[in-house]
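One file, upload.tsv, is given below (TSV, C-alpha atoms).
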chain	number	residue	atom	x	y	z
I	29	ALA	CA	-8.38	8.80	21.04
I	30	GLU	CA	-10.36	7.28	23.85
I	31	PHE	CA	-10.56	3.51	23.97
I	32	GLU	CA	-12.72	1.31	26.20
I	33	GLU	CA	-14.06	-2.22	25.85
I	34	ALA	CA	-17.52	-0.61	25.82
I	35	GLU	CA	-19.71	-3.45	24.62
I	36	ASN	CA	-19.24	-7.14	24.36
I	37	ALA	CA	-18.99	-8.94	21.03
I	38	GLU	CA	-22.65	-9.97	20.74
I	39	ALA	CA	-23.92	-6.42	21.09
I	40	ILE	CA	-21.50	-5.28	18.42
I	41	PHE	CA	-22.45	-8.11	16.07
I	42	SER	CA	-26.14	-7.30	16.41
I	43	ARG	CA	-25.41	-3.64	15.72
I	44	ILE	CA	-23.50	-4.63	12.60
I	45	GLU	CA	-26.41	-6.84	11.49
I	46	ASN	CA	-28.80	-3.88	11.81
I	47	LYS	CA	-26.42	-1.67	9.86
I	48	SER	CA	-26.12	-4.27	7.14
I	49	ARG	CA	-29.90	-4.50	6.72
I	50	LYS	CA	-30.25	-0.71	6.55
I	51	ILE	CA	-27.47	-0.58	3.98
I	52	GLU	CA	-29.07	-3.22	1.75
I	53	SER	CA	-32.32	-1.27	1.72
I	54	LEU	CA	-30.51	2.01	0.97
I	55	LEU	CA	-28.63	0.38	-1.90
I	56	LYS	CA	-31.90	-0.88	-3.37
I	57	GLN	CA	-33.08	2.74	-3.36
I	58	TYR	CA	-29.88	3.72	-5.27
I	59	LYS	CA	-28.48	5.79	-2.42
I	60	PRO	CA	-24.86	4.57	-2.23
I	61	VAL	CA	-23.62	7.68	-0.39
I	62	GLU	CA	-26.21	7.24	2.39
I	63	ALA	CA	-25.26	3.57	2.57
I	64	LEU	CA	-21.61	4.44	3.02
I	65	LYS	CA	-22.46	6.99	5.74
I	66	THR	CA	-24.47	4.35	7.61
I	67	ALA	CA	-21.63	1.87	7.26
I	68	LEU	CA	-19.04	4.29	8.61
I	69	GLU	CA	-21.12	5.32	11.62
I	70	GLY	CA	-19.90	3.72	14.80
I	71	SER	CA	-16.75	2.52	13.07
I	72	PRO	CA	-14.27	1.30	13.97
I	73	PRO	CA	-15.84	-0.87	16.67
I	74	GLN	CA	-14.35	-0.05	20.08
I	75	THR	CA	-13.08	-3.54	20.72
I	76	LYS	CA	-9.99	-5.67	20.25
I	77	ASP	CA	-12.00	-8.57	18.83
I	78	GLU	CA	-10.84	-9.32	15.29
I	79	ARG	CA	-14.15	-10.91	14.30
I	80	CYS	CA	-16.07	-7.71	15.02
I	81	LYS	CA	-13.62	-5.72	12.97
I	82	SER	CA	-13.88	-8.23	10.10
I	83	ALA	CA	-17.68	-8.17	10.24
I	84	ASN	CA	-17.67	-4.37	10.14
I	85	TRP	CA	-15.19	-4.45	7.26
I	86	ILE	CA	-17.49	-6.70	5.23
I	87	VAL	CA	-20.34	-4.21	5.66
I	88	VAL	CA	-18.19	-1.21	4.73
I	89	HIS	CA	-16.74	-3.12	1.76
I	90	ARG	CA	-20.24	-3.73	0.41
I	91	ALA	CA	-21.01	-0.03	0.61
I	92	ILE	CA	-17.70	0.99	-0.98
I	93	MET	CA	-18.08	-1.37	-3.94
I	94	ALA	CA	-21.57	-0.02	-4.64
I	95	ILE	CA	-20.33	3.52	-5.24
I	96	LYS	CA	-20.20	4.45	-8.92
I	97	ASP	CA	-19.68	8.22	-8.91
I	98	VAL	CA	-16.78	9.20	-6.66
I	99	ASP	CA	-17.11	12.98	-7.10
I	100	SER	CA	-20.69	13.10	-5.87
I	101	LEU	CA	-19.56	11.04	-2.90
I	102	PHE	CA	-17.35	13.82	-1.58
I	103	SER	CA	-19.84	16.59	-2.16
I	104	SER	CA	-22.21	14.94	0.32
I	105	LEU	CA	-19.96	13.07	2.77
I	106	ASP	CA	-19.16	14.90	6.02
I	107	PRO	CA	-15.47	15.57	6.77
I	108	GLU	CA	-15.70	13.70	10.07
I	109	TYR	CA	-15.94	10.45	8.10
I	110	TYR	CA	-12.80	11.10	6.01
I	111	ASP	CA	-10.34	9.59	8.50
I	112	VAL	CA	-12.33	6.40	9.02
I	113	LEU	CA	-12.88	6.04	5.29
I	114	MET	CA	-9.14	6.34	4.68
I	115	LYS	CA	-8.45	3.53	7.18
I	116	TYR	CA	-10.96	1.30	5.44
I	117	LEU	CA	-9.47	2.16	2.03
I	118	TYR	CA	-6.09	0.93	3.19
I	119	ARG	CA	-7.69	-2.23	4.48
I	120	GLY	CA	-9.28	-2.67	1.07
I	121	LEU	CA	-5.98	-2.08	-0.69
I	122	SER	CA	-4.29	-4.76	1.38
I	123	THR	CA	-6.75	-7.44	0.26
I	124	GLY	CA	-5.26	-7.76	-3.23
I	125	ASP	CA	-8.60	-8.46	-4.86
I	126	ARG	CA	-8.61	-6.66	-8.23
I	127	PRO	CA	-12.05	-4.97	-8.27
I	128	THR	CA	-11.72	-3.92	-4.61
I	129	CYS	CA	-8.28	-2.47	-5.25
I	130	ASP	CA	-9.41	-0.60	-8.37
I	131	GLN	CA	-12.32	0.97	-6.49
I	132	CYS	CA	-10.21	1.79	-3.44
I	133	LEU	CA	-7.48	3.37	-5.57
I	134	ARG	CA	-10.05	5.56	-7.32
I	135	ILE	CA	-11.58	6.75	-4.05
I	136	HIS	CA	-8.14	7.16	-2.44
I	137	GLU	CA	-7.00	9.62	-5.10
I	138	LYS	CA	-10.09	11.81	-4.69
I	139	LEU	CA	-10.04	11.55	-0.89
I	140	THR	CA	-6.40	12.66	-0.75
I	141	GLN	CA	-7.26	15.66	-2.92
I	142	ARG	CA	-10.08	16.57	-0.51
I	143	ALA	CA	-8.60	15.69	2.85
I	144	GLY	CA	-4.89	16.09	2.24
I	145	LEU	CA	-1.86	14.17	3.48
I	146	GLY	CA	-2.88	14.63	7.13
I	147	CYS	CA	-5.69	12.16	6.61
I	148	ILE	CA	-3.20	9.52	5.38
I	149	LEU	CA	-0.83	10.21	8.26
I	150	ARG	CA	-3.62	9.92	10.84
I	151	SER	CA	-4.57	6.52	9.45
I	152	LEU	CA	-0.91	5.41	9.64
I	153	ALA	CA	-0.32	6.77	13.13
I	154	ASP	CA	-3.52	5.67	14.87
I	155	LYS	CA	-2.64	2.37	16.49
I	156	VAL	CA	-5.50	2.48	19.01
I	157	ASN	CA	-8.54	2.67	16.72
I	158	THR	CA	-7.50	0.24	14.02
I	159	VAL	CA	-9.97	-1.21	11.50
Y	30	ALA	CA	-2.77	2.30	-17.92
Y	31	ASN	CA	-5.23	4.18	-15.74
Y	32	SER	CA	-4.94	1.67	-12.94
Y	33	LEU	CA	-1.14	2.00	-13.09
Y	34	ARG	CA	-1.46	5.78	-12.79
Y	35	LEU	CA	-3.82	5.45	-9.79
Y	36	TYR	CA	-1.53	2.87	-8.17
Y	37	LEU	CA	1.54	5.12	-8.52
Y	38	THR	CA	-0.39	8.19	-7.31
Y	39	CYS	CA	-1.55	6.29	-4.23
Y	40	ILE	CA	2.00	5.15	-3.47
Y	41	ARG	CA	3.35	8.65	-4.00
Y	42	HIS	CA	0.79	10.24	-1.61
Y	43	THR	CA	1.35	7.56	1.02
Y	44	LEU	CA	5.13	8.02	0.82
Y	45	GLU	CA	4.78	11.80	1.09
Y	46	ALA	CA	2.75	11.37	4.25
Y	47	ALA	CA	4.91	8.58	5.69
Y	48	MET	CA	8.28	10.20	5.07
Y	49	CYS	CA	8.24	12.20	8.29
Y	50	LEU	CA	11.56	11.07	9.72
Y	51	GLN	CA	13.63	12.58	12.49
Y	52	ASN	CA	16.80	11.57	14.23
Y	53	PHE	CA	16.22	9.17	17.12
Y	54	PRO	CA	19.17	7.57	18.95
Y	55	CYS	CA	18.73	3.96	20.01
Y	56	GLN	CA	16.86	3.59	23.31
Y	57	GLU	CA	18.47	0.32	24.37
Y	58	VAL	CA	22.13	0.87	23.58
Y	59	GLU	CA	24.04	4.07	24.29
Y	60	ARG	CA	25.52	6.04	21.45
Y	61	HIS	CA	23.94	3.78	18.83
Y	62	ASN	CA	21.65	5.01	16.08
Y	63	LYS	CA	19.72	2.25	14.35
Y	64	PRO	CA	16.87	2.30	11.79
Y	65	GLU	CA	13.94	1.35	14.03
Y	66	VAL	CA	11.88	-0.11	11.18
Y	67	GLU	CA	14.45	-2.89	10.73
Y	68	LEU	CA	14.69	-3.87	14.38
Y	69	LYS	CA	11.06	-3.43	15.45
Y	70	THR	CA	12.02	-3.67	19.13
Y	71	SER	CA	9.81	-0.86	20.48
Y	72	THR	CA	6.21	-0.73	19.28
Y	73	GLU	CA	5.76	2.91	20.25
Y	74	LEU	CA	8.25	3.94	17.56
Y	75	LEU	CA	6.47	2.14	14.71
Y	76	LEU	CA	3.51	3.28	12.64
Y	77	ASN	CA	0.95	0.97	11.06
Y	78	PRO	CA	2.39	-0.86	8.04
Y	79	VAL	CA	0.36	-0.39	4.90
Y	80	ILE	CA	0.00	-2.70	1.88
Y	81	ILE	CA	-1.15	-1.18	-1.41
Y	82	CYS	CA	-2.13	-3.80	-3.98
Y	83	ARG	CA	-2.82	-3.09	-7.60
Y	84	ASN	CA	-4.01	-6.64	-8.30
Y	85	GLU	CA	-3.25	-10.17	-7.13
Y	86	SER	CA	0.39	-10.12	-8.25
Y	87	GLU	CA	1.60	-6.51	-7.75
Y	88	LYS	CA	1.80	-4.94	-4.33
Y	89	CYS	CA	3.76	-2.46	-2.27
Y	90	LEU	CA	4.46	-2.65	1.47
Y	91	ILE	CA	5.27	0.60	3.27
Y	92	GLU	CA	6.48	0.36	6.87
Y	93	THR	CA	7.38	3.53	8.76
Y	94	SER	CA	9.02	4.25	12.05
Y	95	ILE	CA	10.29	7.36	13.75
Y	96	ASN	CA	13.65	7.48	11.98
Y	97	SER	CA	13.31	5.17	8.99
Y	98	LEU	CA	10.97	3.98	6.27
Y	99	ARG	CA	11.00	0.71	4.39
Y	100	VAL	CA	9.33	0.31	1.00
Y	101	SER	CA	9.08	-3.21	-0.48
Y	102	LEU	CA	7.76	-3.87	-3.97
Y	103	LYS	CA	6.49	-6.99	-5.63
Y	104	MET	CA	6.57	-6.80	-9.44
Y	105	LYS	CA	4.15	-8.33	-11.87
Y	106	GLN	CA	5.41	-11.69	-13.09
Y	107	SER	CA	3.09	-13.26	-15.62
Y	108	ASP	CA	5.21	-16.25	-16.69
Y	109	GLU	CA	8.39	-18.17	-15.94
Y	110	VAL	CA	10.57	-16.07	-18.27
Y	111	GLU	CA	9.51	-12.83	-16.57
Y	112	ASN	CA	10.05	-14.49	-13.20
Y	113	ILE	CA	13.67	-15.37	-14.01
Y	114	LEU	CA	14.37	-12.03	-15.70
Y	115	THR	CA	12.96	-10.04	-12.77
Y	116	LYS	CA	14.94	-12.02	-10.23
Y	117	LYS	CA	18.22	-11.67	-12.13
Y	118	PHE	CA	17.74	-8.00	-12.94
Y	119	LEU	CA	16.82	-7.02	-9.38
Y	120	ARG	CA	19.62	-9.13	-7.94
Y	121	PHE	CA	21.98	-7.18	-10.23
Y	122	LEU	CA	20.66	-3.91	-8.79
Y	123	CYS	CA	20.71	-5.13	-5.18
Y	124	MET	CA	24.35	-6.23	-5.40
Y	125	ARG	CA	25.20	-2.62	-6.26
Y	126	ALA	CA	23.08	-1.25	-3.39
Y	127	GLU	CA	25.98	0.89	-2.10
Y	128	ALA	CA	25.74	3.07	-5.17
Y	129	PHE	CA	22.00	3.62	-4.75
Y	130	GLN	CA	22.28	4.43	-1.02
Y	131	VAL	CA	18.56	3.88	-0.36
Y	132	LEU	CA	18.43	0.34	-1.75
Y	133	ARG	CA	18.37	-2.63	0.60
Y	134	ARG	CA	20.74	-5.50	-0.19
Y	135	LYS	CA	18.13	-8.17	0.38
Y	136	PRO	CA	14.44	-7.71	-0.36
Y	137	VAL	CA	11.99	-8.35	2.44
Y	138	GLN	CA	10.56	-11.91	2.52
Y	139	GLY	CA	7.78	-12.18	-0.04
Y	140	TYR	CA	8.81	-9.15	-2.12
Y	141	ASP	CA	11.17	-8.52	-5.03
Y	142	ILE	CA	13.00	-5.34	-4.01
Y	143	SER	CA	13.22	-3.18	-0.89
Y	144	PHE	CA	14.29	0.35	-0.09
Y	145	LEU	CA	15.39	1.61	3.31
Y	146	ILE	CA	15.24	5.40	3.75
Y	147	THR	CA	16.57	6.86	6.99
Y	148	ASN	CA	16.43	10.36	8.44
Y	149	PHE	CA	20.04	10.89	7.35
Y	150	HIS	CA	19.00	10.36	3.73
Y	151	CYS	CA	16.20	12.87	4.17
Y	152	GLU	CA	18.63	15.40	5.59
Y	153	GLU	CA	21.09	15.04	2.72
Y	154	MET	CA	18.61	14.60	-0.10
Y	155	GLN	CA	15.27	16.20	-0.91
Y	156	LYS	CA	12.16	14.31	0.14
Y	157	HIS	CA	10.20	14.79	-3.06
Y	158	LYS	CA	13.21	13.73	-5.13
Y	159	LEU	CA	13.50	10.51	-3.15
Y	160	ILE	CA	9.84	9.77	-3.80
Y	161	ASP	CA	10.27	10.61	-7.50
Y	162	PHE	CA	13.20	8.22	-7.59
Y	163	ILE	CA	11.21	5.31	-6.18
Y	164	VAL	CA	8.19	5.87	-8.41
Y	165	GLU	CA	10.33	6.31	-11.56
Y	166	LEU	CA	12.25	3.16	-10.66
Y	167	MET	CA	8.99	1.23	-10.54
Y	168	GLU	CA	8.02	2.42	-14.02
Y	169	ASP	CA	11.50	1.88	-15.46
Y	170	ILE	CA	11.85	-1.64	-14.08
Y	171	ASP	CA	8.58	-2.61	-15.76
Y	172	LYS	CA	9.82	-1.22	-19.09
Y	173	GLU	CA	13.23	-2.87	-18.71
Y	174	ILE	CA	11.74	-6.29	-17.98
Y	175	ASN	CA	9.46	-6.02	-21.03
Y	176	GLU	CA	12.39	-5.04	-23.25
Y	177	LEU	CA	14.51	-7.89	-21.87
Y	178	LYS	CA	11.70	-10.36	-22.50
Y	179	VAL	CA	11.30	-9.17	-26.09
Y	180	SER	CA	15.04	-9.43	-26.70
Y	181	VAL	CA	15.16	-12.93	-25.16
Y	182	SER	CA	12.41	-14.20	-27.44
Y	183	THR	CA	13.98	-12.48	-30.49
Y	184	ARG	CA	17.33	-14.08	-29.78
Y	185	GLY	CA	15.68	-17.45	-29.23
Y	186	ARG	CA	13.92	-17.17	-32.57
Y	187	LEU	CA	17.14	-16.20	-34.41
Y	188	VAL	CA	19.14	-19.01	-32.81
Y	189	ALA	CA	16.45	-21.57	-33.58
Y	190	THR	CA	16.17	-20.40	-37.21
Y	191	GLU	CA	19.93	-20.60	-37.72
Y	192	PHE	CA	20.20	-23.99	-36.06
Y	193	LEU	CA	17.33	-25.55	-37.96
Y	194	LYS	CA	18.60	-24.23	-41.33
Y	195	GLN	CA	21.06	-27.10	-41.45
Y	196	PHE	CA	18.18	-29.58	-41.50
Y	197	VAL	CA	16.30	-27.90	-44.34
Show me this structure written as structure tokens.
Amino acid sequence: AEFEEAENAEAIFSRIENKSRKIESLLKQYKPVEALKTALEGSPPQTKDERCKSANWIVVHRAIMAIKDVDSLFSSLDPEYYDVLMKYLYRGLSTGDRPTCDQCLRIHEKLTQRAGLGCILRSLADKVNTV
Amino acid sequence: ANSLRLYLTCIRHTLEAAMCLQNFPCQEVERHNKPEVELKTSTELLLNPVIICRNESEKCLIETSINSLRVSLKMKQSDEVENILTKKFLRFLCMRAEAFQVLRRKPVQGYDISFLITNFHCEEMQKHKLIDFIVELMEDIDKEINELKVSVSTRGRLVATEFLKQFV
């Protein structure tokens, strides 16, 4: 995977702010799948800065927790987002917070059924684009 | 019960994906063959470590490298009695680690029990059986600790009743 320090931190933070506003409005319209798609776009941020990654994680976390129906999620989510979603699920599972872990475990089971073990292995092996 | 099932399924899938081990002789020292996950000398041989938490007290750390895989588990310990029982029981198992082959003698810092699986284990034994072993061990340890706790409190009650009979 290609990796370049493309933008500086401020640009990334402002992008994340915009995403977060769009997501809030989508969630108010009860469109959790759209919100998750918006959150996963442009992720993970092409930078080594931990704060950008944390800020992006907070946005994705919000979208993940808002999902109620996991099956409908996979009927509308594009396969290109599966790998990134898996990386964020593992980040969620490492937090140890009970509701986050419950939600992440539920989505993880369905995502593995859809995407297979390759998706898990890609998230383990990718040390360049970490979340 | 459902969250336990999801937790074990997640661990099983992650182990199936992570257990892709092949022989890799040591790069630094000639004619040596060491489990790279224990040494962590070369970063290109290590994969991302992954923590899978069920809740605040139970978690599972899976670290993989090119020729070895380390699984560390932290068990649920709700009170002091369970704490002591878990420690004693797992210490009993760890002292007999030779017999288990994949068990590590000392758990990783911060966890209760650790397994080290190398490519040699995968060559001798079947991958899915190894994963079944780990997952079944997790379930059985939980059951054992509960049984031990029940028997400890039963014995305590009997002893106390007998002792206090002389004061009636």
### Task
With all atoms listed in the file counted, which protein, DNA or RNA residues have an atom no more than 12 Å from (-10.5, 8.0, 9.0) in the file frame? Please answer as an MDAnalysis selection string.
chainID I and resid 68:72 106:119 136 139:140 143:154 157:159
Could you give me, as a Markdown table, a per-residue list for chain Y showing, wherever an atom lies at most 6 Å from an atom of chain I, the closest pair of atoms and their distance in Å to one decimal, using only C-alpha atoms and sorting by chain then residue number from low to high?
| residue | atom | partner | partner_atom | distance |
| --- | --- | --- | --- | --- |
| Y:Leu35 | CA | I:Leu133 | CA | 6.0 |
| Y:Ala46 | CA | I:Leu145 | CA | 5.4 |
| Y:Leu76 | CA | I:Ala153 | CA | 5.2 |
| Y:Asn77 | CA | I:Leu152 | CA | 5.0 |
| Y:Ile80 | CA | I:Ser122 | CA | 4.8 |
| Y:Ile81 | CA | I:Leu121 | CA | 5.0 |
| Y:Cys82 | CA | I:Gly124 | CA | 5.1 |
| Y:Arg83 | CA | I:Cys129 | CA | 6.0 |
| Y:Asn84 | CA | I:Arg126 | CA | 4.6 |
| Y:Glu85 | CA | I:Gly124 | CA | 5.0 |
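In this structure, atom CA of Y:Arg134 sits 25.1 Å away from atom CA of Y:Tyr36.
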### d(atom CA of I:Ala37, atom CA of I:Ile51) in Å
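That distance, rounded to one decimal, is 20.8 Å.
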### Summary
Taken to one decimal, the atom CA of Y:Lys116-atom CA of Y:Asn175 distance is 13.5 Å
### Query
Could you pull the residues within 12 Å of Y:Val181, counting only C-alpha atoms, minus those fewer than 6 positions along the same chain, as a list of chain:residue names?
Y:Val110, Y:Glu111, Y:Ile113, Y:Leu114, Y:Ile174, Y:Asn175, Y:Leu187, Y:Val188
Keeping only C-alpha atoms, write those residues as a short mmCIF file (atom, residue, chain, number, x, y, z; two decimals), in the frame of the given file.
data_model
loop_
_atom_site.label_atom_id
_atom_site.label_comp_id
_atom_site.auth_asym_id
_atom_site.auth_seq_id
_atom_site.Cartn_x
_atom_site.Cartn_y
_atom_site.Cartn_z
CA VAL Y 110 10.57 -16.07 -18.27
CA GLU Y 111 9.51 -12.83 -16.57
CA ILE Y 113 13.67 -15.37 -14.01
CA LEU Y 114 14.37 -12.03 -15.70
CA ILE Y 174 11.74 -6.29 -17.98
CA ASN Y 175 9.46 -6.02 -21.03
CA LEU Y 187 17.14 -16.20 -34.41
CA VAL Y 188 19.14 -19.01 -32.81
#
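Within 10 Å of stretch 40-45 of chain I, once all atoms listed in the file are used and residues closer than 5 positions along the same chain are dropped, the contacting residues are Ala34, Glu35, Lys50, Ile51, Ala67, Gly70, Ser71, Pro73, Gln74, Thr75, Arg79, Cys80, Lys81, Ala83, Asn84, Trp85, Ile86 and Val87 of chain I.
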#### Entry: Shortest interatomic distance to Y:Ile40 - which of Y:Asp171, Y:Phe192, Y:Val197, Y:Ile163, counting all atoms listed in the file
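Comparing Y:Asp171, Y:Phe192, Y:Val197, Y:Ile163 against Y:Ile40, the winner is Y:Ile163.
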### Message
I need the residue nearest Y:Ser94 from this list: Y:Thr115, Y:Pro78, Y:Ser107, Y:Glu65. Use all atoms listed in the file for the distance.
### Response
Y:Glu65
Just the residues within 10 Å of I:Asp97, please, counting all atoms listed in the file, with nothing from its chain fewer than 5 positions along; format it as a short mmCIF file (atom, residue, chain, number, x, y, z; two decimals) with C-alpha atoms, keeping the file's coordinate frame.
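To be explicit, this is the file written out as out-v8.cif:
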data_model
loop_
_atom_site.label_atom_id
_atom_site.label_comp_id
_atom_site.auth_asym_id
_atom_site.auth_seq_id
_atom_site.Cartn_x
_atom_site.Cartn_y
_atom_site.Cartn_z
CA PRO I 60 -24.86 4.57 -2.23
CA VAL I 61 -23.62 7.68 -0.39
CA PHE I 102 -17.35 13.82 -1.58
CA ILE I 135 -11.58 6.75 -4.05
#
### Query
Which is closer to I:Lys65 than all the others in I:Ala39, I:Val88, I:Val98, I:Met93, using all atoms listed in the file?
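Between I:Ala39, I:Val88, I:Val98, I:Met93, the residue approaching I:Lys65 most closely is I:Val88.
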